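Asker: Take a look at input03.tsv, TSV, C-alpha atoms:
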chain	number	residue	atom	x	y	z
J	1	MET	CA	51.85	-32.25	-2.58
J	2	VAL	CA	48.17	-31.34	-3.02
J	3	PRO	CA	45.97	-32.95	-0.37
J	4	PHE	CA	43.56	-35.59	-1.60
J	5	THR	CA	40.57	-33.72	-0.09
J	6	ASN	CA	41.30	-30.63	-2.23
J	7	ILE	CA	41.44	-32.75	-5.40
J	8	LEU	CA	38.17	-34.44	-4.52
J	9	LEU	CA	36.43	-31.12	-3.76
J	10	GLY	CA	37.67	-29.60	-7.03
J	11	SER	CA	36.39	-32.57	-9.02
J	12	LEU	CA	32.97	-32.33	-7.41
J	13	LEU	CA	32.69	-28.60	-8.18
J	14	VAL	CA	33.70	-29.10	-11.82
J	15	HIS	CA	31.17	-31.90	-12.17
J	16	PHE	CA	28.42	-29.80	-10.54
J	17	PHE	CA	28.87	-26.76	-12.79
J	18	ALA	CA	29.36	-28.87	-15.90
J	19	SER	CA	26.13	-30.78	-15.26
J	20	ALA	CA	24.05	-27.83	-13.94
J	21	PRO	CA	20.94	-27.08	-16.02
J	22	THR	CA	20.87	-23.97	-18.19
J	23	THR	CA	19.06	-21.03	-16.57
J	24	TYR	CA	16.79	-18.68	-18.45
J	25	ALA	CA	15.92	-15.05	-17.66
J	26	PHE	CA	12.32	-14.13	-18.29
J	27	ASN	CA	11.81	-10.54	-19.40
J	28	LYS	CA	9.15	-8.72	-17.47
J	29	PRO	CA	7.34	-6.08	-19.56
J	30	GLN	CA	8.40	-2.83	-17.91
J	31	VAL	CA	9.33	0.73	-18.85
J	32	ARG	CA	11.81	2.52	-16.61
J	33	VAL	CA	11.07	6.16	-15.68
J	34	THR	CA	14.19	8.11	-14.65
J	35	THR	CA	13.77	11.67	-13.40
J	36	THR	CA	17.12	12.32	-11.73
J	37	PHE	CA	20.78	11.42	-12.01
J	38	ALA	CA	21.39	11.81	-8.28
J	39	ASP	CA	20.85	8.09	-7.67
J	40	PHE	CA	19.76	4.89	-9.40
J	41	HIS	CA	16.23	5.02	-8.06
J	42	ALA	CA	13.56	4.98	-10.75
J	43	ARG	CA	9.85	4.32	-11.03
J	44	ILE	CA	8.55	1.52	-13.22
J	45	MET	CA	5.74	1.59	-15.78
J	46	ASP	CA	4.34	-1.93	-15.69
J	47	GLN	CA	2.24	-3.66	-18.33
J	48	TRP	CA	-0.96	-5.07	-16.79
J	49	GLY	CA	-0.07	-3.22	-13.56
J	50	ASP	CA	-2.71	-1.58	-11.36
J	51	GLY	CA	-0.95	1.75	-10.88
J	52	GLY	CA	-2.02	3.84	-7.92
J	53	GLY	CA	0.00	4.99	-4.93
J	54	LYS	CA	1.00	8.54	-4.08
J	55	PHE	CA	2.15	10.95	-6.76
J	56	VAL	CA	5.57	12.52	-6.38
J	57	LYS	CA	7.29	15.60	-7.72
J	58	ILE	CA	10.26	15.73	-10.04
J	59	SER	CA	12.89	17.33	-7.81
J	60	SER	CA	13.85	20.91	-8.52
J	61	ASN	CA	17.58	20.07	-8.53
J	62	SER	CA	17.26	17.28	-11.11
J	63	HIS	CA	17.76	19.58	-14.14
J	64	HIS	CA	14.85	17.70	-15.72
J	65	PRO	CA	12.91	19.76	-18.29
J	66	PHE	CA	9.75	19.11	-16.27
J	67	GLN	CA	11.18	19.67	-12.81
J	68	GLY	CA	8.52	20.47	-10.24
J	69	ARG	CA	5.82	18.52	-12.12
J	70	THR	CA	3.97	15.75	-10.32
J	71	PHE	CA	3.77	12.28	-11.78
J	72	GLY	CA	2.23	8.95	-10.80
J	73	GLY	CA	-0.73	8.12	-8.59
J	74	ALA	CA	-3.24	7.26	-11.34
J	75	LYS	CA	-5.01	3.90	-11.37
J	76	ARG	CA	-5.61	1.74	-14.39
J	77	LYS	CA	-9.37	2.18	-14.23
J	78	GLU	CA	-8.78	5.91	-14.88
J	79	GLY	CA	-6.73	5.38	-18.03
J	80	ARG	CA	-9.42	5.43	-20.74
J	81	GLY	CA	-10.06	8.80	-22.40
J	82	THR	CA	-12.36	10.04	-25.16
J	83	ARG	CA	-11.84	11.22	-28.76
J	84	ALA	CA	-10.83	14.67	-27.48
J	85	PHE	CA	-7.10	15.38	-27.21
J	86	GLY	CA	-6.16	16.12	-23.59
J	87	SER	CA	-8.66	13.63	-22.17
J	88	GLY	CA	-7.90	10.70	-19.88
J	89	TYR	CA	-6.44	12.76	-17.02
J	90	PRO	CA	-7.57	11.67	-13.54
J	91	TYR	CA	-6.17	14.93	-12.11
J	92	GLY	CA	-4.34	18.07	-13.23
J	93	ALA	CA	-6.55	18.96	-16.22
J	94	ASN	CA	-8.06	22.11	-14.73
J	95	ASP	CA	-7.38	24.16	-17.86
J	96	THR	CA	-9.16	22.25	-20.62
J	97	THR	CA	-7.79	24.50	-23.37
J	98	THR	CA	-4.18	23.32	-23.08
J	99	VAL	CA	-2.08	20.30	-22.16
J	100	SER	CA	0.96	22.47	-21.42
J	101	GLY	CA	2.05	22.50	-17.79
J	102	ARG	CA	0.00	19.45	-16.84
J	103	PRO	CA	1.24	16.66	-14.55
J	104	PHE	CA	1.94	13.11	-15.67
J	105	PRO	CA	-0.48	10.87	-13.75
J	106	PHE	CA	0.57	7.67	-15.55
J	107	GLY	CA	4.30	8.41	-15.69
J	108	THR	CA	4.71	9.88	-19.18
J	109	TRP	CA	3.70	13.02	-21.06
J	110	PRO	CA	1.08	13.30	-23.82
J	111	LEU	CA	1.43	13.04	-27.58
J	112	TRP	CA	2.10	16.13	-29.64
J	113	TRP	CA	0.34	17.33	-32.78
J	114	ASP	CA	1.13	19.77	-35.53
J	115	GLN	CA	0.37	23.48	-35.27
J	116	ASN	CA	1.12	23.34	-31.54
J	117	LEU	CA	-2.34	21.99	-30.83
J	118	MET	CA	-3.29	22.88	-27.23
J	119	GLY	CA	0.36	23.70	-26.42
J	120	SER	CA	1.53	20.18	-27.25
J	121	ASP	CA	4.80	21.40	-28.78
J	122	GLU	CA	6.08	21.38	-25.21
J	123	TYR	CA	6.25	17.58	-25.59
J	124	GLY	CA	7.63	17.56	-29.14
J	125	PRO	CA	10.37	15.42	-30.71
J	126	ARG	CA	13.18	17.38	-29.04
J	127	LEU	CA	12.33	15.39	-25.86
J	128	ASP	CA	12.16	11.97	-27.51
J	129	ALA	CA	15.52	11.09	-26.00
J	130	ILE	CA	14.11	11.27	-22.46
J	131	ARG	CA	10.47	10.37	-23.10
J	132	PRO	CA	9.64	7.32	-20.95
J	133	GLY	CA	9.50	4.39	-23.36
J	134	GLY	CA	11.36	6.21	-26.11
J	135	MET	CA	10.29	8.14	-29.21
J	136	LEU	CA	6.76	8.14	-30.58
J	137	VAL	CA	5.98	5.40	-33.08
J	138	THR	CA	2.96	4.01	-34.87
J	139	VAL	CA	2.08	0.54	-36.06
J	140	PRO	CA	-0.85	-0.80	-38.14
J	141	LEU	CA	-3.23	-3.35	-36.60
J	142	ARG	CA	-4.77	-5.85	-39.00
J	143	THR	CA	-6.29	-9.27	-38.63
J	144	THR	CA	-7.85	-11.94	-40.83
J	145	THR	CA	-11.37	-13.23	-41.30
J	146	ASP	CA	-10.31	-16.43	-39.55
J	147	TYR	CA	-10.90	-14.74	-36.20
J	148	PHE	CA	-13.08	-11.66	-36.81
J	149	ASN	CA	-15.67	-10.67	-39.37
J	150	VAL	CA	-13.61	-7.84	-40.88
J	151	THR	CA	-13.40	-6.25	-44.29
J	152	ASN	CA	-10.18	-5.71	-46.20
J	153	ASP	CA	-10.08	-2.00	-45.34
J	154	GLU	CA	-10.64	-2.42	-41.58
J	155	VAL	CA	-7.31	-1.38	-40.18
J	156	TYR	CA	-6.36	0.60	-37.09
J	157	HIS	CA	-3.18	2.34	-35.99
J	158	VAL	CA	-1.79	2.85	-32.52
J	159	VAL	CA	0.43	5.78	-31.55
J	160	GLY	CA	2.61	5.86	-28.47
J	161	ASP	CA	6.12	5.49	-27.13
J	162	LYS	CA	8.19	2.74	-28.69
J	163	GLU	CA	8.37	0.47	-25.63
J	164	SER	CA	4.65	0.64	-24.85
J	165	VAL	CA	3.72	-0.09	-28.48
J	166	SER	CA	6.18	-2.97	-28.72
J	167	LEU	CA	4.96	-4.53	-25.48
J	168	LEU	CA	1.33	-4.17	-26.52
J	169	MET	CA	1.98	-5.82	-29.86
J	170	ILE	CA	2.69	-9.06	-28.01
J	171	SER	CA	-0.68	-8.80	-26.26
J	172	TYR	CA	-2.44	-7.79	-29.48
J	173	VAL	CA	-1.03	-10.81	-31.30
J	174	THR	CA	-1.97	-13.10	-28.41
J	175	TRP	CA	-5.49	-11.88	-27.70
J	176	CYS	CA	-6.67	-10.16	-30.88
J	177	HIS	CA	-4.75	-12.24	-33.43
J	178	ILE	CA	-3.09	-9.18	-34.91
J	179	THR	CA	-0.94	-9.73	-37.96
J	180	PRO	CA	2.56	-8.98	-36.59
J	181	ALA	CA	4.05	-5.68	-37.75
J	182	TRP	CA	6.99	-3.54	-36.68
J	183	PRO	CA	6.57	0.10	-35.62
J	184	SER	CA	7.74	3.14	-37.56
J	185	ARG	CA	8.51	6.65	-36.38
J	186	PHE	CA	5.50	8.91	-35.84
J	187	ASP	CA	5.65	12.47	-37.15
J	188	PRO	CA	2.31	14.30	-37.34
J	189	THR	CA	3.82	17.03	-39.53
J	190	ARG	CA	4.58	14.67	-42.42
J	191	PRO	CA	2.08	15.07	-45.30
J	192	ASN	CA	1.88	11.31	-45.83
J	193	SER	CA	1.50	10.41	-42.14
J	194	THR	CA	-0.71	7.35	-41.68
J	195	VAL	CA	-2.21	8.86	-38.53
J	196	ARG	CA	-3.93	12.24	-38.50
J	197	LEU	CA	-5.49	14.06	-35.58
J	198	GLU	CA	-8.93	13.65	-37.17
J	199	ASN	CA	-8.51	9.84	-37.27
J	200	VAL	CA	-8.20	9.26	-33.50
J	201	VAL	CA	-10.89	6.95	-32.18
J	202	ARG	CA	-9.79	7.06	-28.53
J	203	TYR	CA	-7.02	8.43	-26.30
J	204	TYR	CA	-5.56	6.57	-23.34
J	205	ARG	CA	-3.21	7.18	-20.42
J	206	ALA	CA	-3.61	10.97	-20.22
J	207	SER	CA	-3.50	11.32	-24.03
J	208	SER	CA	-0.06	9.70	-24.26
J	209	PHE	CA	-1.43	6.81	-26.35
J	210	ALA	CA	-4.07	6.67	-29.08
J	211	ILE	CA	-5.91	4.38	-31.48
J	212	SER	CA	-6.87	5.77	-34.88
J	213	SER	CA	-8.69	4.62	-37.99
J	214	PRO	CA	-8.20	5.98	-41.54
J	215	ASN	CA	-11.92	5.38	-42.03
J	216	TYR	CA	-12.88	7.95	-39.40
J	217	ASN	CA	-12.76	11.74	-39.70
J	218	ASN	CA	-13.59	13.75	-36.58
J	219	THR	CA	-14.34	17.32	-37.66
J	220	PHE	CA	-14.35	18.47	-34.01
J	221	SER	CA	-10.81	17.23	-33.30
J	222	ARG	CA	-9.34	20.76	-33.21
J	223	SER	CA	-11.91	22.21	-30.85
J	224	SER	CA	-9.11	22.66	-28.27
J	225	LEU	CA	-11.22	21.52	-25.34
J	226	SER	CA	-10.06	18.35	-23.62
J	227	ASP	CA	-13.43	17.90	-21.90
J	228	SER	CA	-15.39	18.39	-25.07
J	229	THR	CA	-18.13	15.85	-25.70
J	230	GLU	CA	-18.60	16.97	-29.29
J	231	SER	CA	-17.27	14.60	-31.92
J	232	THR	CA	-18.28	13.19	-35.23
J	233	PRO	CA	-20.13	9.91	-34.60
J	234	LEU	CA	-18.21	6.75	-35.37
J	235	PRO	CA	-19.38	4.80	-38.42
J	236	PRO	CA	-21.29	1.65	-37.41
J	237	SER	CA	-18.57	-0.50	-38.95
J	238	ILE	CA	-16.12	0.96	-36.40
J	239	GLU	CA	-18.39	1.55	-33.41
J	240	TYR	CA	-19.69	-2.04	-33.35
J	241	SER	CA	-16.55	-3.76	-34.58
J	242	PRO	CA	-15.56	-6.80	-32.43
J	243	PHE	CA	-12.02	-6.34	-33.66
J	244	LEU	CA	-11.85	-2.76	-32.35
J	245	LYS	CA	-13.46	-3.84	-29.08
J	246	CYS	CA	-10.71	-6.41	-28.61
J	247	ILE	CA	-8.03	-3.79	-29.33
J	248	ASP	CA	-9.67	-1.34	-26.97
J	249	ASP	CA	-9.94	-3.89	-24.12
J	250	VAL	CA	-6.35	-5.06	-24.48
J	251	THR	CA	-5.07	-1.47	-24.64
J	252	PHE	CA	-7.02	-0.45	-21.57
J	253	ASN	CA	-5.92	-3.47	-19.50
J	254	ALA	CA	-2.35	-4.00	-20.72
J	255	LEU	CA	-0.96	-0.55	-21.53
J	256	ALA	CA	2.08	0.13	-19.33
J	257	ILE	CA	1.34	2.61	-16.52
J	258	LEU	CA	3.34	3.81	-13.55
J	259	ASN	CA	3.30	1.45	-10.61
J	260	ARG	CA	3.20	2.30	-6.95
J	261	PRO	CA	6.50	3.47	-5.41
J	262	PRO	CA	8.78	0.50	-4.72
J	263	GLY	CA	8.60	-0.99	-1.26
J	264	PRO	CA	11.61	-1.77	0.94
J	265	THR	CA	14.03	-4.55	0.02
J	266	PRO	CA	14.01	-7.80	2.03
J	267	LEU	CA	16.88	-6.42	4.11
J	268	GLY	CA	15.01	-3.15	4.54
J	269	LYS	CA	11.89	-5.05	5.56
J	270	PHE	CA	13.94	-6.98	8.11
J	271	VAL	CA	15.47	-3.80	9.52
J	272	GLN	CA	12.05	-2.14	9.52
J	273	ALA	CA	10.51	-5.12	11.30
J	274	LEU	CA	13.41	-5.12	13.76
J	275	ALA	CA	12.92	-1.42	14.43
J	276	TYR	CA	9.20	-1.89	14.87
J	277	GLY	CA	9.95	-4.84	17.17
J	278	HIS	CA	12.25	-2.69	19.31
J	279	ILE	CA	9.66	0.07	19.49
J	280	TYR	CA	6.97	-2.45	20.41
J	281	PHE	CA	9.26	-3.97	23.04
J	282	VAL	CA	10.04	-0.57	24.58
J	283	ILE	CA	6.37	0.43	24.64
J	284	THR	CA	5.39	-2.92	26.13
J	285	ALA	CA	8.18	-2.73	28.73
J	286	LEU	CA	7.15	0.79	29.73
J	287	GLY	CA	3.56	-0.37	30.01
J	288	VAL	CA	4.54	-3.33	32.17
J	289	LEU	CA	6.72	-1.13	34.40
J	290	TYR	CA	3.89	1.35	34.77
J	291	LEU	CA	1.49	-1.44	35.69
J	292	ILE	CA	3.96	-2.88	38.22
J	293	GLY	CA	4.43	0.57	39.74
J	294	LEU	CA	0.70	1.08	39.95
J	295	LEU	CA	0.19	-2.32	41.62
J	296	PHE	CA	3.06	-1.60	44.02
J	297	ALA	CA	1.50	1.73	45.01
J	298	VAL	CA	-1.87	0.08	45.58
J	299	ALA	CA	-0.24	-2.71	47.59
J	300	LEU	CA	1.70	-0.15	49.64
J	301	ILE	CA	-1.44	1.78	50.47
J	302	CYS	CA	-3.32	-1.40	51.33
J	303	SER	CA	-0.43	-2.77	53.39
J	304	ARG	CA	-0.23	0.50	55.31
J	305	ASN	CA	-3.90	0.35	56.18
J	306	LEU	CA	-3.51	-3.32	57.08
J	307	LEU	CA	-0.56	-2.50	59.33
J	308	TRP	CA	-2.56	0.09	61.22
J	309	SER	CA	-5.40	-2.38	61.58
J	310	CYS	CA	-3.01	-4.99	62.89
J	311	LEU	CA	-1.52	-2.54	65.38
J	312	GLU	CA	-4.98	-1.59	66.54
J	313	CYS	CA	-5.81	-5.26	66.96
J	314	LEU	CA	-2.55	-5.87	68.80
J	315	GLY	CA	-3.29	-2.95	71.09
J	316	GLU	CA	-6.76	-4.22	71.99
J	317	VAL	CA	-5.62	-7.79	72.79
J	318	PRO	CA	-3.74	-7.03	76.07
J	319	ILE	CA	-6.61	-4.86	77.27
J	320	GLU	CA	-9.10	-7.61	76.62
J	321	ILE	CA	-6.88	-10.18	78.38
J	322	HIS	CA	-6.53	-7.89	81.41
J	323	ARG	CA	-10.28	-7.33	81.47
J	324	ARG	CA	-10.97	-11.04	81.40
J	325	ARG	CA	-8.40	-11.72	84.15
J	326	GLN	CA	-9.99	-9.07	86.37
J	327	ALA	CA	-13.40	-10.59	85.73
J	328	LYS	CA	-12.09	-14.06	86.72
J	329	ARG	CA	-10.50	-12.63	89.89
J	330	ALA	CA	-13.73	-10.90	90.80
J	331	GLN	CA	-15.64	-14.11	90.26
J	332	ARG	CA	-13.23	-16.09	92.45
J	333	LYS	CA	-13.37	-13.44	95.16
J	334	ALA	CA	-17.13	-13.41	95.04
J	335	ARG	CA	-17.24	-17.19	95.32
J	336	LYS	CA	-14.84	-17.14	98.27
J	337	GLU	CA	-16.82	-14.45	100.02
J	338	ALA	CA	-20.06	-16.36	99.38
J	339	ALA	CA	-18.46	-19.57	100.75
J	340	ALA	CA	-17.17	-17.73	103.83
J	341	ARG	CA	-20.56	-16.24	104.49
J	342	ALA	CA	-22.19	-19.64	104.11
J	343	LYS	CA	-19.64	-21.22	106.46
J	344	GLY	CA	-20.14	-18.50	109.10
J	345	ALA	CA	-23.87	-18.89	108.90
J	346	ALA	CA	-23.53	-22.66	109.34
J	347	ALA	CA	-21.24	-22.20	112.35
J	348	ARG	CA	-23.64	-19.79	113.97
J	349	ALA	CA	-26.54	-22.16	113.39
J	350	ARG	CA	-24.48	-24.98	114.89
J	351	GLU	CA	-23.71	-22.97	117.99
J	352	ALA	CA	-27.37	-22.04	118.39
J	353	SER	CA	-28.42	-25.67	118.29
J	354	LEU	CA	-25.81	-26.68	120.85
J	355	ALA	CA	-26.97	-23.95	123.22
J	356	TYR	CA	-30.49	-25.24	123.01
J	357	GLU	CA	-29.34	-28.70	123.94
J	358	ARG	CA	-27.29	-27.38	126.80
J	359	TYR	CA	-30.10	-25.51	128.47
J	360	PRO	CA	-33.38	-27.43	128.17
Show me, as structure tokens, the structure contained in the file I just sent.

Answerer:
Amino acid sequence: MVPFTNILLGSLLVHFFASAPTTYAFNKPQVRVTTTFADFHARIMDQWGDGGGKFVKISSNSHHPFQGRTFGGAKRKEGRGTRAFGSGYPYGANDTTTVSGRPFPFGTWPLWWDQNLMGSDEYGPRLDAIRPGGMLVTVPLRTTTDYFNVTNDEVYHVVGDKESVSLLMISYVTWCHITPAWPSRFDPTRPNSTVRLENVVRYYRASSFAISSPNYNNTFSRSSLSDSTESTPLPPSIEYSPFLKCIDDVTFNALAILNRPPGPTPLGKFVQALAYGHIYFVITALGVLYLIGLLFAVALICSRNLLWSCLECLGEVPIEIHRRRQAKRAQRKARKEAAARAKGAAARAREASLAYERYP
């Protein structure tokens, strides 16, 4: 027979789970960066993250196509480039004529352009399967006159990995009132591509993301110098556009970049704190023992000196007592002798007076 307590407990559990509120999982905008299959550790590219931390190297035994390259360490404030391809690198851009062989400060590699511009074929579509965030895509950015003073032909395009573009679209819609649109595959070699190298208004995140405008044509775009300051001036309608400024600000602040290396787990923090506590305890204990030993040595030295002083004092006491006794004996003897002399003198004087009386 089933005990009554078991039946009651089972009923309570069924009631609890049946009446429990529905839980929801909130998706955090992140892009996972995997560089090895040796473990499940991966770095995270975070939207709105600050970046920073130490850069690391892709291990040489990872069989990664970019093994030995460094990645990470860049901060968000370093993520805005210029209109020159290859710009936006906080480090690793020593050779300004090529992007080949460069590190990945923000966690992903740059875009690629036709004709192997500046060695960009190294990052071509053959690596889309492992590109952080997925293949390169583009999406048009339009808005309405309800929010910005724009003309019908003011449209911009963004180019980047699929995850970064998709995550940014949410921010664009929220902050810049973009008309929602879905991305399409980006291929710079297609004759009817909506984005051309000459259309790029600005590069971001070490040239791995770009904003372009079909109304802009930069004749210096193939100068093959990433630090070049030469470019065709932007038309006033683009340069002073509030709509473009909003897109630029959101891109700069919200584009996913590599975060700092992950810290220890709560258990790891506990073990670390415990280890630090043991080390602190050992150091403190050694310090206390050293201090006790030092005090004991000082006390021993002082006690030794005190002992000798006491022995000296004890040795002088009997001598002083003997000296005082001798002085008292001498005083008593002197008093007795003085009394005897006085008594003899008195007797002699007495006898002299009697003799005088006897013989008148």

Asker: Could you please determine the separation between atom CA of J:Gln67 and atom CA of J:Ser207 in Å, to one decimal place?

Answerer: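 Distance between the two atoms: 20.3 Å.
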
Asker: I want to know what sits within 7 Å of stretch 50-62 of chain J, based on all atoms listed in the file, with residues of the same chain fewer than 4 positions away left out; could you give that as a PDB file with C-alpha atoms, keeping the file's coordinate frame?

Answerer:
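Written file, around.pdb:
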ATOM      1  CA  THR J  35      13.770  11.670 -13.400  1.00  0.00           C
ATOM      2  CA  THR J  36      17.120  12.320 -11.730  1.00  0.00           C
ATOM      3  CA  PHE J  37      20.780  11.420 -12.010  1.00  0.00           C
ATOM      4  CA  GLN J  67      11.180  19.670 -12.810  1.00  0.00           C
ATOM      5  CA  GLY J  68       8.520  20.470 -10.240  1.00  0.00           C
ATOM      6  CA  ARG J  69       5.820  18.520 -12.120  1.00  0.00           C
ATOM      7  CA  THR J  70       3.970  15.750 -10.320  1.00  0.00           C
ATOM      8  CA  PHE J  71       3.770  12.280 -11.780  1.00  0.00           C
ATOM      9  CA  GLY J  72       2.230   8.950 -10.800  1.00  0.00           C
ATOM     10  CA  GLY J  73      -0.730   8.120  -8.590  1.00  0.00           C
ATOM     11  CA  ALA J  74      -3.240   7.260 -11.340  1.00  0.00           C
ATOM     12  CA  LYS J  75      -5.010   3.900 -11.370  1.00  0.00           C
ATOM     13  CA  ARG J  76      -5.610   1.740 -14.390  1.00  0.00           C
ATOM     14  CA  ILE J 257       1.340   2.610 -16.520  1.00  0.00           C
ATOM     15  CA  LEU J 258       3.340   3.810 -13.550  1.00  0.00           C
ATOM     16  CA  ASN J 259       3.300   1.450 -10.610  1.00  0.00           C
ATOM     17  CA  ARG J 260       3.200   2.300  -6.950  1.00  0.00           C
ATOM     18  CA  PRO J 261       6.500   3.470  -5.410  1.00  0.00           C
TER      19      PRO J 261
END

Asker: So that I can check the surroundings of J:Arg131, please list as a list in words every protein, DNA and RNA residue that reaches within 9 Å of it, counting all atoms listed in the file and ignoring chain neighbours fewer than 2 positions away.

Answerer: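 Using all atoms listed in the file, the neighbours found are Val33, Thr108, Trp109, Tyr123, Leu127, Asp128, Ala129, Gly133, Gly134, Met135, Leu136 and Asp161 of chain J.
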
Asker: Ranking J:Ala297, J:Met45, J:Ala84, J:Leu167 by minimum distance to J:Thr232 and counting only C-alpha atoms, which one comes first?

Answerer: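 Using only C-alpha atoms, the shortest distance to J:Thr232 belongs to J:Ala84.
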
Asker: Dump as CSV the rows for residues of stretch 31-86 of chain J within 12 Å of stretch 219-227 of chain J: closest atom pair and distance in Å with one decimal, only C-alpha atoms counted, ordered by chain and rising residue number.

Answerer:
residue,atom,partner,partner_atom,distance
J:Gly81,CA,J:Ser226,CA,9.6
J:Thr82,CA,J:Asp227,CA,8.6
J:Arg83,CA,J:Ser221,CA,7.6
J:Ala84,CA,J:Ser226,CA,5.4
J:Phe85,CA,J:Ser226,CA,5.5
J:Gly86,CA,J:Ser226,CA,4.5

Asker: Do you know which residues are at most 12 Å from J:Ala256 counting all atoms listed in the file, after dropping those on the same chain fewer than 4 positions away, and could you put them as a ChimeraX atom specification?

Answerer: /J:28-33,44-51,74-76,79,106-108,132-133,160-168,171,204-205,208-209,250-252

Asker: Pick from J:Ser120, J:Ala299, J:Glu154, J:Asp95: nearest to J:Ser241, with all atoms listed in the file counted?

Answerer: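 Counting all atoms listed in the file, the residue closest to J:Ser241 is J:Glu154.
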
Asker: Choose the residue, out of J:Lys77, J:Ser87, J:Gln331, J:Cys302, that has the smallest atom-to-atom separation from J:Thr229; count all atoms listed in the file.

Answerer: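 Going through J:Lys77, J:Ser87, J:Gln331, J:Cys302 one by one, the smallest distance to J:Thr229 is for J:Ser87.
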
Asker: Could you list, as a list of chain:residue names, every residue within 10 Å of J:Val173, counting all atoms listed in the file and ignoring same-chain residues fewer than 6 positions away?

Answerer: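 That gives J:Leu141, J:Arg142, J:Thr143, J:Thr179, J:Pro180, J:Ala181.
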
Asker: Kindly indicate which residue among J:Met118, J:Ala349, J:Val159, J:Val200 lies nearest to J:Asp187, using only C-alpha atoms for the distances.

Answerer: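 Smallest separation from J:Asp187 among the options: J:Val159.
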